[in-house]
Amino acid sequence: MRADEGTIGKEHYKMMTGENTITDSQKDSASVPSAPDPGHDATVEFAAANDRDHKLLAQAVEEAYIGVECGHGRPFGAVIVHKDEIVVSCHNMVVINKDPTAHAEMIAIREACKKLNQITLSECEIYASCEPCPMCFGAIHLSRLKRLVYGAKAEAAIAIGFNSNIADGVLGIGCYHNSNLEIIKLDATIAEQVFQNTKGKFTY
Ligand SMILES: [Zn+2]
């Protein structure tokens, strides 16, 4: 965890492996490991947005709107940050690219690697407007991003008609248990609102 991040207002939950449930198991941040040992349950931090995280998540949300307005794709955005500088700001390009894998996070990872001229992003963080799907979560793991911050739950996208197979990225991918990825679910209603606000304005 970064030294400049406050822990006030944050609560820690433990995701129960193999079950789609989250229980409030731990409220003492000091005792929650940021890098869980292999084989331990995944730990996701649920946090009230601090200024930095809120600003960067808002940028990802803005990208989600831009992507729909441009007719590029569906309402999802992602931003990759390297040492407090935005490297790339991307949105879903599935429609314009005729590429079902052109999710915002995939585009962002590809573009960031190109821009930084490296095949890993271990010094970078990714901000996603919505919880990553299993494909994107796998790519986040492969690229060794050190931190994932997301806004909306996948269920918010499913509620307006997206396939339910986009869910369970964070819960369902076993590789998480062997990674040092820090995962933060921000309490940000702007991210949830994207789906209702763009409903009917894009092609599934
Ligand atoms: Zn995805």
# chains A, B, ... in the order shown; residues from 1 in each chain; ligands from 1
>>> residues_near_ligand(ligand="ligand 1", cutoff="8 Å", atoms="only C-alpha atoms and all ligand atoms", output="list in words")
Thr101, Ala102, His103, Ala104, Glu105, Met106, Pro132, Cys133, Pro134, Met135, Cys136, Phe137 and Ile166 of chain A
>>> residues_around(residues="range 57-71 of chain A", least_positions_apart="3", cutoff="10 Å", atoms="only C-alpha atoms", output="VMD selection string")
chain A and resid 49 51 to 54 74 to 80 86 89 to 96 104 126 to 130 149 to 152 186 188 190 to 195 197 to 199 201 to 203
>>> atom_distance(atom1="CA of Leu121 in chain A", atom2="CA of Val88 in chain A")
12.2 Å
>>> select_by_dssp(residues="range 60-101 of chain A", states="strand (DSSP E)", output="number ranges by chain")
A: 77-82, 85-91
>>> atom_distance(atom1="CA of Cys113 in chain A", atom2="CA of Arg144 in chain A")
11.3 Å
>>> residues_around(residues="Leu116 in chain A", least_positions_apart="6", cutoff="12 Å", atoms="only C-alpha atoms", output="ChimeraX atom specification")
/A:80-82,86-88,108-110,122-124
>>> closest_residue(among="A:Leu142, A:Ile184, A:Ser164, A:Glu125", to="Asn50 in chain A", atoms="only C-alpha atoms")
A:Ile184
